[in-house]
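**Student:** Below is the file start-v5.txt, with compact mmCIF, C-alpha atoms.
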```txt
# COMPACT_ATOMS: atom_id res chain seq x y z
CA MET L 9 136.64 115.88 84.42
CA LYS L 10 135.63 115.57 88.06
CA GLU L 11 132.24 116.48 89.49
CA HIS L 12 131.52 120.14 90.14
CA PRO L 13 130.79 120.45 93.92
CA ILE L 14 127.88 122.89 93.54
CA LYS L 15 126.26 120.83 90.77
CA LYS L 16 126.68 117.75 92.97
CA ALA L 17 124.99 119.51 95.92
CA LEU L 18 122.11 120.83 93.77
CA PHE L 19 121.65 117.42 92.17
CA ALA L 20 121.49 115.82 95.63
CA LYS L 21 118.78 118.29 96.70
CA CYS L 22 116.76 117.59 93.53
CA ASP L 23 117.16 113.85 94.06
CA ALA L 24 116.06 114.10 97.71
CA PHE L 25 113.06 116.23 96.66
CA VAL L 26 111.94 113.60 94.13
CA SER L 27 112.58 110.70 96.54
CA GLU L 28 110.50 112.38 99.27
CA LYS L 29 107.64 112.97 96.83
CA ILE L 30 107.74 109.35 95.65
CA ASP L 31 107.73 108.11 99.25
CA SER L 32 104.84 110.39 100.20
CA LEU L 33 102.73 109.40 97.19
CA GLU L 34 103.40 105.68 97.72
CA LYS L 35 102.33 105.98 101.38
CA GLY L 36 99.20 107.83 100.28
CA LEU L 37 98.36 105.10 97.78
CA GLN L 38 98.82 102.42 100.44
CA SER L 39 96.54 104.36 102.77
CA HIS L 40 93.88 104.68 100.05
CA GLN L 41 94.15 100.95 99.30
CA LYS L 42 93.60 100.09 102.97
CA ALA L 43 90.65 102.46 103.17
CA LEU L 44 89.17 100.98 100.00
CA ALA L 45 89.54 97.44 101.35
CA SER L 46 87.74 98.52 104.50
CA GLU L 47 84.97 100.21 102.44
CA ILE L 48 84.48 97.04 100.42
CA LYS L 49 83.99 95.05 103.64
CA SER L 50 81.32 97.53 104.79
CA SER L 51 77.70 96.97 103.99
CA ALA L 52 76.35 98.02 100.62
CA GLY L 53 74.36 101.16 100.00
CA ASP L 54 74.55 104.53 98.31
CA LYS L 55 76.72 106.02 101.04
CA HIS L 56 79.28 103.23 100.70
CA GLU L 57 79.17 103.34 96.88
CA THR L 58 79.98 107.06 97.02
CA GLY L 59 82.80 106.45 99.49
CA ARG L 60 84.32 103.76 97.26
CA ALA L 61 84.02 105.96 94.18
CA MET L 62 85.74 108.84 95.96
CA LEU L 63 88.56 106.57 97.12
CA GLN L 64 88.96 105.20 93.58
CA LEU L 65 89.26 108.77 92.24
CA GLU L 66 91.84 109.65 94.90
CA MET L 67 93.83 106.52 94.06
CA GLU L 68 93.78 107.36 90.35
CA LYS L 69 94.91 110.91 91.08
CA SER L 70 97.71 109.71 93.37
CA GLY L 71 98.75 107.11 90.81
CA GLN L 72 98.97 109.75 88.10
CA GLN L 73 100.99 112.05 90.36
CA LEU L 74 103.33 109.16 91.16
CA GLN L 75 103.89 108.50 87.45
CA GLU L 76 104.74 112.19 86.93
CA VAL L 77 107.23 112.16 89.81
CA LEU L 78 108.79 108.91 88.56
CA GLN L 79 109.38 110.71 85.25
CA LEU L 80 111.37 113.34 87.18
CA LYS L 81 113.51 110.51 88.55
CA VAL L 82 114.15 109.36 84.96
CA VAL L 83 115.27 112.90 84.03
CA LEU L 84 117.66 112.99 87.00
CA GLU L 85 119.14 109.63 85.96
CA LYS L 86 120.08 111.16 82.59
CA ILE L 87 122.23 113.87 84.19
CA SER L 88 125.99 113.43 84.11
CA LEU L 89 127.75 115.67 86.60
CA GLU L 90 131.21 115.04 85.08
CA GLN L 91 130.51 115.52 81.38
CA GLN L 92 131.58 118.82 79.87
CA SER L 93 129.80 120.43 76.95
CA GLU L 94 130.38 123.37 74.66
CA VAL L 95 126.70 124.30 74.89
CA ILE L 96 124.16 124.43 77.70
CA ARG L 97 122.38 121.08 78.18
CA LEU L 98 120.60 118.98 80.79
CA GLY L 99 122.73 119.10 83.94
CA SER L 100 124.35 122.47 83.16
CA LEU L 101 124.81 125.06 85.90
CA VAL L 102 124.33 128.39 84.13
CA THR L 103 125.33 131.78 85.53
CA THR L 104 123.53 134.75 83.96
CA ASN L 105 123.35 138.42 84.82
CA ARG L 106 119.94 137.70 86.39
CA GLY L 107 120.48 134.47 88.29
CA ILE L 108 122.05 131.04 88.40
CA TYR L 109 120.14 128.14 86.89
CA PHE L 110 120.56 124.38 87.24
CA LEU L 111 118.95 122.58 84.29
CA ALA L 112 117.50 119.45 85.85
CA ILE L 113 113.90 119.38 87.11
CA SER L 114 111.44 122.14 87.96
CA MET L 115 112.05 122.40 91.67
CA GLY L 116 112.34 126.15 91.98
CA MET L 117 114.62 128.07 94.29
CA ILE L 118 117.39 126.28 96.16
CA VAL L 119 119.64 128.10 98.61
CA HIS L 120 123.08 126.53 98.98
CA ARG L 121 125.80 128.20 101.05
CA GLN L 122 123.98 131.55 101.04
CA THR L 123 123.66 131.57 97.23
CA THR L 124 120.31 131.24 95.47
CA TYR L 125 120.01 128.86 92.53
CA PHE L 126 116.99 127.98 90.44
CA ALA L 127 116.44 124.33 89.55
CA ILE L 128 114.55 124.40 86.26
CA SER L 129 113.44 121.87 83.70
CA PRO L 130 114.94 122.08 80.21
CA SER L 131 111.34 121.98 78.94
CA SER L 132 110.35 125.05 81.00
CA PRO L 133 110.13 128.33 79.05
CA ILE L 134 113.46 129.65 80.37
CA GLY L 135 115.12 126.23 80.26
CA ASN L 136 114.13 125.83 76.64
CA LEU L 137 115.63 129.24 75.81
CA LEU L 138 118.93 128.37 77.56
CA LEU L 139 119.42 124.97 75.89
CA GLY L 140 122.12 124.97 73.24
CA LYS L 141 123.39 128.46 74.11
CA ARG L 142 127.03 129.38 74.74
CA ILE L 143 128.89 131.84 76.97
CA GLY L 144 128.34 135.40 75.77
CA GLU L 145 124.98 134.70 74.13
CA ASN L 146 121.80 136.43 75.27
CA ILE L 147 118.19 135.35 75.63
CA LEU L 148 115.06 137.40 76.10
CA PHE L 149 112.83 136.07 78.88
CA GLN L 150 109.71 137.86 80.12
CA GLY L 151 110.89 141.09 78.54
CA LYS L 152 114.30 140.94 80.24
CA GLN L 153 117.61 140.22 78.58
CA LEU L 154 119.73 137.53 80.22
CA SER L 155 123.39 137.31 79.33
CA ILE L 156 125.05 133.93 79.70
CA GLU L 157 128.19 134.65 81.69
CA HIS L 158 129.38 131.15 82.54
CA PHE L 159 128.25 127.52 82.69
CA VAL L 160 129.61 124.15 83.75
```
Turn the structure described in the file into structure tokens.
**Tutor:**
Amino acid sequence: MKEHPIKKALFAKCDAFVSEKIDSLEKGLQSHQKALASEIKSSAGDKHETGRAMLQLEMEKSGQQLQEVLQLKVVLEKISLEQQSEVIRLGSLVTTNRGIYFLAISMGMIVHRQTTYFAISPSSPIGNLLLGKRIGENILFQGKQLSIEHFV
């Protein structure tokens, strides 16, 4: 089977989103490293100790965020846009009576050609409910019934 054009476009937007986040976090880490190197060269004292400690905390936080975003990249690498399935799985584009969902990463709303899609993680509450379902099945999410009308 060939790639579905909408899935391909949504995947590209998710991939760009993750790549931009990785780039931004890596630049932030580099900036923190330069600032820390400059703090280390400064004279000692309580003020400088506090500055170094704050920079270390920021670097740890940025490093943790980078690891989380790199995990999103790993999830995207697992998606096959060509593979068909009889049940909803990672990479499925699911049309329900209450919206269209792309099971990939939690990115939120994506507008493509005047249509709104929701990029969601399979581990999100709604993503978890959709996994393994088939056309015609229903799920109950936040007190509302969603009917699975179609998926690719």
**Student:** Every residue with an atom at most 6 Å from (124.9, 138.0, 75.9) (file coordinates; only C-alpha atoms) is what I'm after, so could you write them as a ChimeraX atom specification?
**Tutor:** /L:144-146,155-156
**Student:** Nearest to Ala43 in chain L among L:Gln64, L:Ser27, L:Thr58, L:Ser88, with distances taken over only C-alpha atoms: which residue is it?
**Tutor:**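 Comparing L:Gln64, L:Ser27, L:Thr58, L:Ser88 against Ala43 in chain L, the winner is L:Gln64.
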**Student:** Using CA of Asp23 in chain L and CA of Gly71 in chain L as the two end points, give the distance in Å to one decimal.
**Tutor:**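 So the answer is 19.9 Å.
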**Student:** Between L:Ile118, L:Leu111, L:Ala45, L:Val26, which is the closest to Pro133 in chain L once you count only C-alpha atoms?
**Tutor:** L:Leu111
**Student:** List every protein, DNA or RNA residue that has at least one atom no more than 12 Å from (121.3, 128.0, 73.8) in the file's coordinates, counting all atoms listed in the file, and write the result as a PDB file with C-alpha atoms, in the frame of the given file.
**Tutor:**
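This is the output file out23.pdb:
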```
ATOM      1  CA  SER L  93     129.800 120.430  76.950  1.00  0.00           C
ATOM      2  CA  GLU L  94     130.380 123.370  74.660  1.00  0.00           C
ATOM      3  CA  VAL L  95     126.700 124.300  74.890  1.00  0.00           C
ATOM      4  CA  ILE L  96     124.160 124.430  77.700  1.00  0.00           C
ATOM      5  CA  ARG L  97     122.380 121.080  78.180  1.00  0.00           C
ATOM      6  CA  LEU L  98     120.600 118.980  80.790  1.00  0.00           C
ATOM      7  CA  SER L 100     124.350 122.470  83.160  1.00  0.00           C
ATOM      8  CA  VAL L 102     124.330 128.390  84.130  1.00  0.00           C
ATOM      9  CA  PRO L 130     114.940 122.080  80.210  1.00  0.00           C
ATOM     10  CA  ILE L 134     113.460 129.650  80.370  1.00  0.00           C
ATOM     11  CA  GLY L 135     115.120 126.230  80.260  1.00  0.00           C
ATOM     12  CA  ASN L 136     114.130 125.830  76.640  1.00  0.00           C
ATOM     13  CA  LEU L 137     115.630 129.240  75.810  1.00  0.00           C
ATOM     14  CA  LEU L 138     118.930 128.370  77.560  1.00  0.00           C
ATOM     15  CA  LEU L 139     119.420 124.970  75.890  1.00  0.00           C
ATOM     16  CA  GLY L 140     122.120 124.970  73.240  1.00  0.00           C
ATOM     17  CA  LYS L 141     123.390 128.460  74.110  1.00  0.00           C
ATOM     18  CA  ARG L 142     127.030 129.380  74.740  1.00  0.00           C
ATOM     19  CA  ILE L 143     128.890 131.840  76.970  1.00  0.00           C
ATOM     20  CA  GLY L 144     128.340 135.400  75.770  1.00  0.00           C
ATOM     21  CA  GLU L 145     124.980 134.700  74.130  1.00  0.00           C
ATOM     22  CA  ASN L 146     121.800 136.430  75.270  1.00  0.00           C
ATOM     23  CA  ILE L 147     118.190 135.350  75.630  1.00  0.00           C
ATOM     24  CA  LEU L 148     115.060 137.400  76.100  1.00  0.00           C
ATOM     25  CA  LEU L 154     119.730 137.530  80.220  1.00  0.00           C
ATOM     26  CA  SER L 155     123.390 137.310  79.330  1.00  0.00           C
ATOM     27  CA  ILE L 156     125.050 133.930  79.700  1.00  0.00           C
ATOM     28  CA  PHE L 159     128.250 127.520  82.690  1.00  0.00           C
TER      29      PHE L 159
END
```
**Student:** Would you mind telling me which residue in L:Lys81, L:Lys42, L:Lys10, L:Arg60 lies nearest to Ile30 in chain L when using only C-alpha atoms?
**Tutor:**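 Selected residue with least distance to Ile30 in chain L: L:Lys81.
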**Student:** Of the candidates L:Phe126, L:Ser114, L:Lys21, L:Gly99, which one gets nearest to Glu85 in chain L if we count only C-alpha atoms?
**Tutor:**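 The shortest atom-to-atom distance to Glu85 in chain L comes from L:Gly99.
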**Student:** Given the choices L:Leu44, L:Val82, L:Ile113, L:Leu33, which gets closest to Lys69 in chain L if the distance is worked out from only C-alpha atoms?
**Tutor:**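 Among the listed residues, the smallest separation from Lys69 in chain L belongs to L:Leu33.
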**Student:** Report, in Å with one decimal, the straight-line distance from CA of Ser32 in chain L to CA of Glu76 in chain L.
**Tutor:** 13.4 Å
**Student:** Kindly give the distance, in Å, that separates CA of Cys22 in chain L and CA of Leu84 in chain L, rounded to a single decimal.
**Tutor:**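 Interatomic distance here is 8.0 Å.
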**Student:** Rank nothing, just name the residue among L:Gln153, L:Tyr125, L:Met117, L:Leu89 nearest to Lys16 in chain L, using only C-alpha atoms.
**Tutor:**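 Looking only at the distances to Lys16 in chain L, the closest residue turns out to be L:Leu89.
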